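Undergrad: Got a file for you: run-v7.txt, compact mmCIF, N, CA and C atoms and all ligand atoms.
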# COMPACT_ATOMS: atom_id res chain seq x y z
N MET P 790 47.53 -78.48 25.71
CA MET P 790 46.71 -79.17 26.70
C MET P 790 45.61 -78.24 27.23
N GLU P 791 45.87 -76.96 27.15
CA GLU P 791 44.86 -76.04 27.68
C GLU P 791 43.64 -75.93 26.76
N CYS P 792 43.90 -76.23 25.49
CA CYS P 792 42.84 -75.99 24.53
C CYS P 792 41.67 -76.97 24.66
N ALA P 793 41.99 -78.22 24.91
CA ALA P 793 40.96 -79.26 24.86
C ALA P 793 39.79 -79.01 25.80
N PRO P 794 40.03 -78.73 27.07
CA PRO P 794 38.87 -78.52 27.96
C PRO P 794 38.01 -77.34 27.51
N ARG P 795 38.64 -76.26 27.04
CA ARG P 795 37.88 -75.09 26.63
C ARG P 795 36.94 -75.41 25.48
N VAL P 796 37.48 -76.17 24.52
CA VAL P 796 36.63 -76.55 23.39
C VAL P 796 35.42 -77.34 23.87
N ASN P 797 35.69 -78.27 24.76
CA ASN P 797 34.59 -79.09 25.28
C ASN P 797 33.53 -78.23 25.96
N VAL P 798 34.01 -77.28 26.76
CA VAL P 798 33.06 -76.41 27.47
C VAL P 798 32.25 -75.60 26.46
N GLU P 799 32.93 -75.09 25.43
CA GLU P 799 32.22 -74.29 24.44
C GLU P 799 31.15 -75.10 23.72
N VAL P 800 31.53 -76.32 23.34
CA VAL P 800 30.57 -77.16 22.65
C VAL P 800 29.38 -77.47 23.55
N ALA P 801 29.68 -77.76 24.80
CA ALA P 801 28.60 -78.09 25.73
C ALA P 801 27.68 -76.90 25.92
N SER P 802 28.24 -75.71 26.08
CA SER P 802 27.40 -74.55 26.32
C SER P 802 26.62 -74.20 25.06
N ALA P 803 27.22 -74.40 23.89
CA ALA P 803 26.48 -74.16 22.66
C ALA P 803 25.30 -75.11 22.54
N ARG P 804 25.53 -76.36 22.90
CA ARG P 804 24.42 -77.33 22.86
C ARG P 804 23.33 -76.94 23.85
N ALA P 805 23.76 -76.54 25.03
CA ALA P 805 22.78 -76.16 26.06
C ALA P 805 21.96 -74.97 25.58
N LYS P 806 22.62 -73.99 24.99
CA LYS P 806 21.91 -72.82 24.48
C LYS P 806 20.88 -73.21 23.43
N LYS P 807 21.30 -74.12 22.54
CA LYS P 807 20.37 -74.52 21.49
C LYS P 807 19.17 -75.25 22.08
N MET P 808 19.42 -76.09 23.10
CA MET P 808 18.31 -76.79 23.74
C MET P 808 17.35 -75.80 24.38
N VAL P 809 17.90 -74.80 25.06
CA VAL P 809 17.06 -73.79 25.71
C VAL P 809 16.24 -73.05 24.66
N GLN P 810 16.90 -72.71 23.55
CA GLN P 810 16.18 -72.01 22.47
C GLN P 810 15.02 -72.85 21.94
N ASP P 811 15.31 -74.15 21.71
CA ASP P 811 14.25 -75.03 21.19
C ASP P 811 13.09 -75.11 22.17
N ILE P 812 13.42 -75.25 23.46
CA ILE P 812 12.36 -75.38 24.47
C ILE P 812 11.55 -74.09 24.53
N GLU P 813 12.23 -72.96 24.51
CA GLU P 813 11.52 -71.68 24.56
C GLU P 813 10.63 -71.50 23.33
N GLU P 814 11.15 -71.93 22.19
CA GLU P 814 10.36 -71.80 20.96
C GLU P 814 9.07 -72.62 21.05
N LYS P 815 9.22 -73.87 21.51
CA LYS P 815 8.04 -74.72 21.64
C LYS P 815 7.06 -74.15 22.66
N ALA P 816 7.61 -73.67 23.77
CA ALA P 816 6.75 -73.12 24.82
C ALA P 816 5.98 -71.92 24.30
N SER P 817 6.64 -71.04 23.58
CA SER P 817 5.95 -69.85 23.09
C SER P 817 4.91 -70.22 22.05
N GLN P 818 5.19 -71.27 21.26
CA GLN P 818 4.21 -71.69 20.27
C GLN P 818 2.95 -72.24 20.92
N THR P 819 3.13 -73.05 21.98
CA THR P 819 1.94 -73.60 22.66
C THR P 819 1.17 -72.48 23.33
N GLN P 820 1.87 -71.52 23.92
CA GLN P 820 1.18 -70.41 24.58
C GLN P 820 0.34 -69.63 23.59
N VAL P 821 0.86 -69.45 22.38
CA VAL P 821 0.11 -68.71 21.38
C VAL P 821 -1.22 -69.41 21.10
N PHE P 822 -1.16 -70.74 20.99
CA PHE P 822 -2.38 -71.46 20.65
C PHE P 822 -3.40 -71.47 21.78
N HIS P 823 -2.92 -71.51 23.04
CA HIS P 823 -3.89 -71.64 24.13
C HIS P 823 -4.38 -70.28 24.60
N GLY P 824 -3.46 -69.43 25.00
CA GLY P 824 -3.88 -68.19 25.65
C GLY P 824 -4.30 -67.08 24.70
N GLU P 825 -3.47 -66.85 23.68
CA GLU P 825 -3.62 -65.63 22.89
C GLU P 825 -4.94 -65.56 22.13
N ILE P 826 -5.39 -66.68 21.61
CA ILE P 826 -6.61 -66.64 20.80
C ILE P 826 -7.79 -66.19 21.65
N GLU P 827 -7.86 -66.69 22.89
CA GLU P 827 -8.96 -66.29 23.76
C GLU P 827 -8.89 -64.81 24.08
N SER P 828 -7.70 -64.32 24.40
CA SER P 828 -7.61 -62.92 24.80
C SER P 828 -7.85 -62.00 23.60
N LYS P 829 -7.53 -62.48 22.40
CA LYS P 829 -7.78 -61.67 21.21
C LYS P 829 -9.29 -61.52 20.97
N GLN P 830 -10.07 -62.51 21.38
CA GLN P 830 -11.50 -62.44 21.17
C GLN P 830 -12.17 -61.47 22.13
N THR P 831 -11.49 -61.20 23.25
CA THR P 831 -12.06 -60.27 24.21
C THR P 831 -11.71 -58.85 23.79
N LEU P 832 -12.56 -58.29 22.97
CA LEU P 832 -12.33 -56.93 22.51
C LEU P 832 -13.23 -55.98 23.30
N CYS P 833 -12.70 -54.83 23.58
CA CYS P 833 -13.45 -53.84 24.33
C CYS P 833 -14.62 -53.30 23.50
N PRO P 834 -15.83 -53.27 24.07
CA PRO P 834 -16.98 -52.72 23.32
C PRO P 834 -16.87 -51.22 23.10
N GLN P 835 -16.07 -50.57 23.91
CA GLN P 835 -15.94 -49.12 23.79
C GLN P 835 -14.90 -48.72 22.75
N CYS P 836 -13.70 -49.29 22.85
CA CYS P 836 -12.61 -48.83 21.99
C CYS P 836 -12.26 -49.86 20.92
N GLY P 837 -12.78 -51.09 21.03
CA GLY P 837 -12.56 -52.11 20.02
C GLY P 837 -11.17 -52.73 20.03
N LYS P 838 -10.40 -52.44 21.07
CA LYS P 838 -9.07 -53.03 21.17
C LYS P 838 -9.08 -54.16 22.20
N PRO P 839 -8.07 -55.06 22.14
CA PRO P 839 -8.02 -56.14 23.13
C PRO P 839 -8.06 -55.57 24.54
N SER P 840 -8.98 -56.09 25.35
CA SER P 840 -9.25 -55.45 26.63
C SER P 840 -8.55 -56.13 27.79
N GLY P 841 -7.91 -57.28 27.55
CA GLY P 841 -7.25 -57.99 28.64
C GLY P 841 -8.23 -58.88 29.37
N GLN P 842 -7.80 -59.42 30.52
CA GLN P 842 -8.59 -60.43 31.22
C GLN P 842 -9.39 -59.84 32.37
N GLY P 843 -9.21 -58.59 32.68
CA GLY P 843 -9.82 -58.02 33.88
C GLY P 843 -11.26 -57.61 33.67
N LYS P 844 -11.81 -56.92 34.67
CA LYS P 844 -13.19 -56.46 34.60
C LYS P 844 -13.31 -55.14 33.88
N PHE P 845 -12.18 -54.49 33.68
CA PHE P 845 -12.20 -53.21 32.96
C PHE P 845 -11.18 -53.26 31.84
N CYS P 846 -11.47 -52.52 30.77
CA CYS P 846 -10.59 -52.50 29.61
C CYS P 846 -9.20 -52.01 29.99
N ASN P 847 -8.19 -52.76 29.56
CA ASN P 847 -6.81 -52.34 29.82
C ASN P 847 -6.46 -51.10 29.02
N ASN P 848 -7.21 -50.84 27.98
CA ASN P 848 -6.86 -49.75 27.08
C ASN P 848 -7.57 -48.45 27.45
N CYS P 849 -8.87 -48.50 27.73
CA CYS P 849 -9.61 -47.26 27.97
C CYS P 849 -10.35 -47.26 29.30
N GLY P 850 -10.35 -48.37 30.04
CA GLY P 850 -10.98 -48.40 31.35
C GLY P 850 -12.47 -48.66 31.33
N ALA P 851 -13.03 -48.99 30.16
CA ALA P 851 -14.47 -49.27 30.09
C ALA P 851 -14.77 -50.58 30.81
N PRO P 852 -15.95 -50.67 31.46
CA PRO P 852 -16.31 -51.92 32.13
C PRO P 852 -16.56 -53.04 31.12
N LEU P 853 -16.17 -54.27 31.48
CA LEU P 853 -16.26 -55.39 30.55
C LEU P 853 -17.17 -56.47 31.11
N GLY P 854 -17.45 -57.44 30.30
CA GLY P 854 -18.30 -58.54 30.72
C GLY P 854 -19.73 -58.31 30.29
N MET P 855 -20.61 -59.24 30.64
CA MET P 855 -22.01 -59.16 30.22
C MET P 855 -22.88 -58.87 31.43
N ILE P 856 -23.86 -58.01 31.26
CA ILE P 856 -24.84 -57.79 32.31
C ILE P 856 -26.20 -58.24 31.81
N LYS P 857 -27.02 -58.71 32.73
CA LYS P 857 -28.30 -59.31 32.38
C LYS P 857 -29.43 -58.33 32.66
N CYS P 858 -30.32 -58.21 31.72
CA CYS P 858 -31.50 -57.38 31.91
C CYS P 858 -32.41 -58.03 32.94
N GLU P 859 -32.81 -57.24 33.93
CA GLU P 859 -33.65 -57.81 34.99
C GLU P 859 -35.06 -58.10 34.49
N ARG P 860 -35.48 -57.43 33.46
CA ARG P 860 -36.86 -57.62 32.98
C ARG P 860 -36.97 -58.82 32.04
N CYS P 861 -36.10 -58.87 31.01
CA CYS P 861 -36.27 -59.91 30.00
C CYS P 861 -35.14 -60.93 29.98
N GLY P 862 -34.08 -60.66 30.74
CA GLY P 862 -32.99 -61.64 30.83
C GLY P 862 -31.98 -61.59 29.69
N THR P 863 -32.14 -60.65 28.77
CA THR P 863 -31.18 -60.52 27.67
C THR P 863 -29.84 -60.00 28.21
N LYS P 864 -28.79 -60.59 27.72
CA LYS P 864 -27.46 -60.16 28.17
C LYS P 864 -26.91 -59.10 27.23
N SER P 865 -26.35 -58.08 27.80
CA SER P 865 -25.75 -57.00 27.03
C SER P 865 -24.34 -56.75 27.55
N PRO P 866 -23.46 -56.20 26.71
CA PRO P 866 -22.12 -55.89 27.18
C PRO P 866 -22.18 -54.89 28.33
N ALA P 867 -21.31 -55.09 29.34
CA ALA P 867 -21.26 -54.15 30.45
C ALA P 867 -21.00 -52.76 29.91
N GLY P 868 -21.65 -51.78 30.49
CA GLY P 868 -21.53 -50.42 30.01
C GLY P 868 -22.72 -50.01 29.16
N THR P 869 -23.52 -51.01 28.71
CA THR P 869 -24.75 -50.70 27.98
C THR P 869 -25.74 -50.08 28.95
N ARG P 870 -26.39 -49.00 28.55
CA ARG P 870 -27.25 -48.28 29.49
C ARG P 870 -28.70 -48.76 29.43
N PHE P 871 -29.12 -49.22 28.28
CA PHE P 871 -30.51 -49.69 28.16
C PHE P 871 -30.52 -51.01 27.42
N CYS P 872 -31.44 -51.88 27.82
CA CYS P 872 -31.59 -53.18 27.19
C CYS P 872 -32.01 -52.99 25.72
N GLY P 873 -31.30 -53.66 24.83
CA GLY P 873 -31.64 -53.55 23.42
C GLY P 873 -32.88 -54.33 23.06
N GLU P 874 -33.35 -55.17 23.95
CA GLU P 874 -34.48 -56.04 23.67
C GLU P 874 -35.79 -55.44 24.17
N CYS P 875 -35.78 -54.90 25.38
CA CYS P 875 -37.05 -54.39 25.95
C CYS P 875 -36.94 -52.94 26.40
N GLY P 876 -35.77 -52.34 26.32
CA GLY P 876 -35.63 -50.94 26.68
C GLY P 876 -35.48 -50.69 28.17
N ASN P 877 -35.42 -51.75 28.95
CA ASN P 877 -35.25 -51.59 30.38
C ASN P 877 -33.90 -50.94 30.68
N ARG P 878 -33.87 -50.10 31.69
CA ARG P 878 -32.61 -49.44 32.02
C ARG P 878 -31.67 -50.40 32.73
N LEU P 879 -30.44 -50.49 32.24
CA LEU P 879 -29.40 -51.30 32.86
C LEU P 879 -28.41 -50.35 33.51
N SER P 880 -28.21 -50.48 34.80
CA SER P 880 -27.33 -49.50 35.43
C SER P 880 -25.90 -49.99 35.41
ZN ZN P 901 -11.50 -50.06 25.76
ZN ZN P 902 -34.55 -56.34 28.60
Please express what this file holds, its structure, as structure tokens.

TA:
Amino acid sequence: MECAPRVNVEVASARAKKMVQDIEEKASQTQVFHGEIESKQTLCPQCGKPSGQGKFCNNCGAPLGMIKCERCGTKSPAGTRFCGECGNRLS
């Protein structure tokens, strides 16, 4: 008589574990498609490695994002010292 309830509990917990695994698998797959591709495209101009979402590279600390030339309006990666289009100094 002692065996029956234990078996039931084991089966139930095994099912629950499998459900959790399936849900986690699906969740991680959707996350890969939404978040990871964008962050992979954000590569650091200094070190060429994924720089993360912040204003500075997670890997080497270089400033990230685009800065606009005040003279001609051309956008250059942050950290660029001179405009590649007109030579204006970008600080
Ligand atoms: Zn970097
Ligand atoms: Zn310029």

Undergrad: Would you mind listing the residues within 8 Å of ligand ZN 901 (chain P), counting only N, CA and C atoms and all ligand atoms, as a short mmCIF file (atom, residue, chain, number, x, y, z; two decimals) with N, CA and C atoms, keeping the file's coordinate frame?

TA:
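Writing the result to selection_23.cif gives the following:
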data_model
loop_
_atom_site.label_atom_id
_atom_site.label_comp_id
_atom_site.auth_asym_id
_atom_site.auth_seq_id
_atom_site.Cartn_x
_atom_site.Cartn_y
_atom_site.Cartn_z
N LEU P 832 -12.56 -58.29 22.97
CA LEU P 832 -12.33 -56.93 22.51
C LEU P 832 -13.23 -55.98 23.30
N CYS P 833 -12.70 -54.83 23.58
CA CYS P 833 -13.45 -53.84 24.33
C CYS P 833 -14.62 -53.30 23.50
N PRO P 834 -15.83 -53.27 24.07
CA PRO P 834 -16.98 -52.72 23.32
C PRO P 834 -16.87 -51.22 23.10
N GLN P 835 -16.07 -50.57 23.91
CA GLN P 835 -15.94 -49.12 23.79
C GLN P 835 -14.90 -48.72 22.75
N CYS P 836 -13.70 -49.29 22.85
CA CYS P 836 -12.61 -48.83 21.99
C CYS P 836 -12.26 -49.86 20.92
N GLY P 837 -12.78 -51.09 21.03
CA GLY P 837 -12.56 -52.11 20.02
C GLY P 837 -11.17 -52.73 20.03
N LYS P 838 -10.40 -52.44 21.07
CA LYS P 838 -9.07 -53.03 21.17
C LYS P 838 -9.08 -54.16 22.20
N PRO P 839 -8.07 -55.06 22.14
CA PRO P 839 -8.02 -56.14 23.13
C PRO P 839 -8.06 -55.57 24.54
N SER P 840 -8.98 -56.09 25.35
CA SER P 840 -9.25 -55.45 26.63
C SER P 840 -8.55 -56.13 27.79
N PHE P 845 -12.18 -54.49 33.68
CA PHE P 845 -12.20 -53.21 32.96
C PHE P 845 -11.18 -53.26 31.84
N CYS P 846 -11.47 -52.52 30.77
CA CYS P 846 -10.59 -52.50 29.61
C CYS P 846 -9.20 -52.01 29.99
N ASN P 847 -8.19 -52.76 29.56
CA ASN P 847 -6.81 -52.34 29.82
C ASN P 847 -6.46 -51.10 29.02
N ASN P 848 -7.21 -50.84 27.98
CA ASN P 848 -6.86 -49.75 27.08
C ASN P 848 -7.57 -48.45 27.45
N CYS P 849 -8.87 -48.50 27.73
CA CYS P 849 -9.61 -47.26 27.97
C CYS P 849 -10.35 -47.26 29.30
N GLY P 850 -10.35 -48.37 30.04
CA GLY P 850 -10.98 -48.40 31.35
C GLY P 850 -12.47 -48.66 31.33
N ALA P 851 -13.03 -48.99 30.16
CA ALA P 851 -14.47 -49.27 30.09
C ALA P 851 -14.77 -50.58 30.81
N PRO P 852 -15.95 -50.67 31.46
CA PRO P 852 -16.31 -51.92 32.13
C PRO P 852 -16.56 -53.04 31.12
#

Undergrad: For ligand ZN 902 (chain P), return the neighbouring residues as a list in words (distance at most 6 Å; only N, CA and C atoms and all ligand atoms).

TA: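 If we count only N, CA and C atoms and all ligand atoms, the neighbours of ligand ZN 902 (chain P) turn out to be Cys858, Glu859, Arg860, Cys861, Gly862, Thr863, Cys872, Gly873, Glu874, Cys875, Gly876 and Asn877 of chain P.
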
Undergrad: Using DSSP secondary structure from the backbone, list all helix (DSSP H, G or I) positions within chain P, as JSON, numbers by chain.

TA: {"P": [792, 793, 794, 795, 796, 797, 798, 799, 800, 801, 802, 803, 804, 805, 806, 807, 808, 809, 810, 811, 812, 813, 814, 815, 816, 817, 818, 819, 820, 821, 822, 823, 824, 825, 826, 827, 828, 829, 830]}

Undergrad: How many Å lie between atom CA of Phe871 of chain P and atom CA of Leu853 of chain P, rounded to one decimal?

TA: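 For atom CA of Phe871 of chain P relative to atom CA of Leu853 of chain P, the distance reads 15.5 Å.
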
Undergrad: Any chance you could list, as a ChimeraX atom specification, the residues in chain P that come up strand (DSSP E) when DSSP is run on the backbone?

TA: /P:855-857,864-866

Undergrad: How far is it from atom N of Thr869 of chain P to atom N of Lys844 of chain P, in Å with one decimal?

TA: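 Result for atom N of Thr869 of chain P versus atom N of Lys844 of chain P: 14.4 Å, one decimal.
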
Undergrad: Within 8 Å of (-22.4, -63.4, 29.4) (coordinates as in the file), grab all the protein and nucleic acid residues, counting only C-alpha atoms, and write them out as a ChimeraX atom specification.

TA: /P:854-857,864-866

Undergrad: Assuming the input is short of atoms at segment 850-868 of chain P, produce N, CA, C and O atoms for that part as a compact mmCIF listing (two decimals), keeping the file's coordinate frame.

TA:
# COMPACT_ATOMS: atom_id res chain seq x y z
N GLY P 850 -10.35 -48.37 30.04
CA GLY P 850 -10.98 -48.40 31.35
C GLY P 850 -12.47 -48.66 31.33
O GLY P 850 -13.13 -48.58 32.36
N ALA P 851 -13.03 -48.99 30.16
CA ALA P 851 -14.47 -49.27 30.09
C ALA P 851 -14.77 -50.58 30.81
O ALA P 851 -13.97 -51.50 30.79
N PRO P 852 -15.95 -50.67 31.46
CA PRO P 852 -16.31 -51.92 32.13
C PRO P 852 -16.56 -53.04 31.12
O PRO P 852 -17.13 -52.79 30.04
N LEU P 853 -16.17 -54.27 31.48
CA LEU P 853 -16.26 -55.39 30.55
C LEU P 853 -17.17 -56.47 31.11
O LEU P 853 -17.59 -56.40 32.25
N GLY P 854 -17.45 -57.44 30.30
CA GLY P 854 -18.30 -58.54 30.72
C GLY P 854 -19.73 -58.31 30.29
O GLY P 854 -20.06 -57.32 29.64
N MET P 855 -20.61 -59.24 30.64
CA MET P 855 -22.01 -59.16 30.22
C MET P 855 -22.88 -58.87 31.43
O MET P 855 -22.69 -59.43 32.49
N ILE P 856 -23.86 -58.01 31.26
CA ILE P 856 -24.84 -57.79 32.31
C ILE P 856 -26.20 -58.24 31.81
O ILE P 856 -26.50 -58.15 30.62
N LYS P 857 -27.02 -58.71 32.73
CA LYS P 857 -28.30 -59.31 32.38
C LYS P 857 -29.43 -58.33 32.66
O LYS P 857 -29.48 -57.71 33.72
N CYS P 858 -30.32 -58.21 31.72
CA CYS P 858 -31.50 -57.38 31.91
C CYS P 858 -32.41 -58.03 32.94
O CYS P 858 -32.72 -59.21 32.84
N GLU P 859 -32.81 -57.24 33.93
CA GLU P 859 -33.65 -57.81 34.99
C GLU P 859 -35.06 -58.10 34.49
O GLU P 859 -35.77 -58.92 35.05
N ARG P 860 -35.48 -57.43 33.46
CA ARG P 860 -36.86 -57.62 32.98
C ARG P 860 -36.97 -58.82 32.04
O ARG P 860 -37.82 -59.68 32.21
N CYS P 861 -36.10 -58.87 31.01
CA CYS P 861 -36.27 -59.91 30.00
C CYS P 861 -35.14 -60.93 29.98
O CYS P 861 -35.24 -61.94 29.29
N GLY P 862 -34.08 -60.66 30.74
CA GLY P 862 -32.99 -61.64 30.83
C GLY P 862 -31.98 -61.59 29.69
O GLY P 862 -31.07 -62.40 29.64
N THR P 863 -32.14 -60.65 28.77
CA THR P 863 -31.18 -60.52 27.67
C THR P 863 -29.84 -60.00 28.21
O THR P 863 -29.81 -59.11 29.04
N LYS P 864 -28.79 -60.59 27.72
CA LYS P 864 -27.46 -60.16 28.17
C LYS P 864 -26.91 -59.10 27.23
O LYS P 864 -27.00 -59.23 26.00
N SER P 865 -26.35 -58.08 27.80
CA SER P 865 -25.75 -57.00 27.03
C SER P 865 -24.34 -56.75 27.55
O SER P 865 -24.05 -57.05 28.70
N PRO P 866 -23.46 -56.20 26.71
CA PRO P 866 -22.12 -55.89 27.18
C PRO P 866 -22.18 -54.89 28.33
O PRO P 866 -23.00 -53.97 28.31
N ALA P 867 -21.31 -55.09 29.34
CA ALA P 867 -21.26 -54.15 30.45
C ALA P 867 -21.00 -52.76 29.91
O ALA P 867 -20.23 -52.56 28.97
N GLY P 868 -21.65 -51.78 30.49
CA GLY P 868 -21.53 -50.42 30.01
C GLY P 868 -22.72 -50.01 29.16
O GLY P 868 -22.93 -48.82 28.93
